[in-house]
Amino acid sequence: MEIKIENIEDIASAARKFVDEMGENCVFAFYGKMGAGKTTFIKAICEALGVKDVVTSPTFALVNEYADAEGQPVYHFDFYRIKNLREAYDMGCEEYFYSGYPCFIEWPELVEELLPDDTVKVNIEVLENESRIVTLG
């Protein structure tokens with residue numbers, strides 16, 4: 001499935017469409033170049049899920065935990081600064097990944113061998129006109 005984001009004003013509706021397509025899936029690995037909009041799109045998804053907290057990239061903490069509209073956890077990971085898989089193991093990432101709650105992962109390339117088999121790959125591509133194509137698959 002593809003979701004096109006023409007401009008920043010489209011991001012809320014794109015996030016709602018993404019949430020509608022999540023189904024029973026819980027772990028989403030976001031791929032895209034630096035500046036592609038991974039954090040911005042995850043923030044919009046969290047808002048669509050009813051998160052009231054300020055959503056920021058967990059670049060230094062590795063994971064941020066939020067609560068959705070029903071008070072259930074939503075996890076946001078950023079593995080950009082991780083040096084090795086041991087760091088991911090030590091912070092207990094597998095407990096999060098198999099918790100049954102939504103996990104949105106930036107820079108999953110660095111922990112791919114730890115991701116569950118049913119992880120949904122989400123690619124964000126920046127087009128020449130600065131619009132984005134979000135591909136789930």
# chains A, B, ... in the order shown; residues from 1 in each chain; ligands from 1
$ closest_atom_pairs --of "segment 99-131 of chain A" --to "segment 80-86 of chain A" --cutoff "10 Å" --atoms "only C-alpha atoms" --output "Markdown table"
| residue | atom | partner | partner_atom | distance |
| --- | --- | --- | --- | --- |
| A:Glu106 | CA | A:Tyr80 | CA | 7.3 |
| A:Trp107 | CA | A:Tyr80 | CA | 5.5 |
| A:Pro108 | CA | A:Tyr80 | CA | 8.3 |
| A:Glu109 | CA | A:Tyr80 | CA | 9.1 |
| A:Leu110 | CA | A:Ile82 | CA | 7.4 |
| A:Val111 | CA | A:Leu85 | CA | 6.3 |
| A:Glu112 | CA | A:Leu85 | CA | 9.5 |
| A:Glu113 | CA | A:Leu85 | CA | 8.9 |
| A:Leu114 | CA | A:Leu85 | CA | 8.3 |
$ write_last_selection --atoms "C-alpha atoms" --output "PDB file, in the first residue's frame"
ATOM      1  CA  GLU A 106      13.514   4.576  13.206  1.00  0.00           C
ATOM      2  CA  TRP A 107      16.821   3.278  11.779  1.00  0.00           C
ATOM      3  CA  PRO A 108      15.773  -0.398  12.024  1.00  0.00           C
ATOM      4  CA  GLU A 109      18.672  -1.380   9.740  1.00  0.00           C
ATOM      5  CA  LEU A 110      20.853  -1.472  12.845  1.00  0.00           C
ATOM      6  CA  VAL A 111      18.711  -4.058  14.687  1.00  0.00           C
ATOM      7  CA  GLU A 112      17.063  -5.992  11.850  1.00  0.00           C
ATOM      8  CA  GLU A 113      18.079  -9.401  13.168  1.00  0.00           C
ATOM      9  CA  LEU A 114      16.159  -8.672  16.396  1.00  0.00           C
TER      10      LEU A 114
END
$ closest_residue --among "A:Val122, A:Val54, A:Gly37, A:Met1" --to "Glu21 of chain A" --atoms "only C-alpha atoms"
A:Met1
$ select_by_dssp --residues "segment 13-124 of chain A" --states "helix (DSSP H, G or I)" --output "compact mmCIF listing (two decimals) with C-alpha atoms, in the first residue's frame"
# COMPACT_ATOMS: atom_id res chain seq x y z
CA SER A 13 -4.84 12.54 6.99
CA ALA A 14 -1.95 10.33 5.83
CA ALA A 15 -1.37 9.25 9.43
CA ARG A 16 -5.06 8.38 9.88
CA LYS A 17 -4.89 6.28 6.70
CA PHE A 18 -1.78 4.54 8.07
CA VAL A 19 -3.54 3.80 11.39
CA ASP A 20 -6.52 2.39 9.46
CA GLU A 21 -4.13 0.01 7.66
CA LYS A 38 10.35 9.48 9.72
CA THR A 39 10.03 11.26 13.07
CA THR A 40 7.45 13.72 11.74
CA PHE A 41 5.30 10.92 10.33
CA ILE A 42 5.58 8.81 13.50
CA LYS A 43 4.55 11.87 15.51
CA ALA A 44 1.45 12.25 13.30
CA ILE A 45 0.66 8.52 13.68
CA CYS A 46 0.91 8.82 17.45
CA GLU A 47 -1.44 11.79 17.36
CA ALA A 48 -3.88 9.76 15.22
CA LEU A 85 23.18 -5.17 19.05
CA ARG A 86 24.22 -5.62 22.69
CA GLU A 87 22.88 -2.12 23.42
CA ALA A 88 19.50 -3.09 21.98
CA TYR A 89 19.48 -6.34 23.98
CA ASP A 90 20.51 -4.52 27.16
CA CYS A 93 13.99 -4.13 22.99
CA GLU A 94 12.64 -7.64 22.42
CA GLU A 95 10.23 -7.22 25.35
CA TYR A 96 8.85 -4.14 23.62
CA PHE A 97 8.74 -5.78 20.18
CA PRO A 108 15.77 -0.40 12.02
CA GLU A 109 18.67 -1.38 9.74
CA LEU A 110 20.85 -1.47 12.85
CA VAL A 111 18.71 -4.06 14.69
CA GLU A 112 17.06 -5.99 11.85
CA GLU A 113 18.08 -9.40 13.17
CA LEU A 114 16.16 -8.67 16.40
$ closest_residue --among "A:Ile5, A:Ala36, A:Pro102, A:Phe79" --to "Val51 of chain A" --atoms "only C-alpha atoms"
A:Pro102
$ residues_around --residues "Glu65 of chain A" --least-positions-apart "4" --cutoff "8 Å" --atoms "only C-alpha atoms" --output "number ranges by chain"
A: 73-76
$ closest_residue --among "A:Phe77, A:Glu24, A:Leu136, A:Lys52" --to "Ile124 of chain A" --atoms "only C-alpha atoms"
A:Leu136
$ atom_distance --atom1 "atom CA of Ser57 of chain A" --atom2 "atom CA of Glu128 of chain A"
25.3 Å
$ atom_distance --atom1 "atom CA of Val55 of chain A" --atom2 "atom CA of Gly71 of chain A"
15.3 Å
$ closest_residue --among "A:Asp78, A:Glu70, A:Glu125, A:Asp117" --to "Gly50 of chain A" --atoms "only C-alpha atoms"
A:Glu70
$ closest_residue --among "A:Ala69, A:Ile105, A:Leu49, A:Ile133" --to "Asp10 of chain A" --atoms "only C-alpha atoms"
A:Ile133
$ atom_distance --atom1 "atom CA of Phe60 of chain A" --atom2 "atom CA of Gly137 of chain A"
28.3 Å
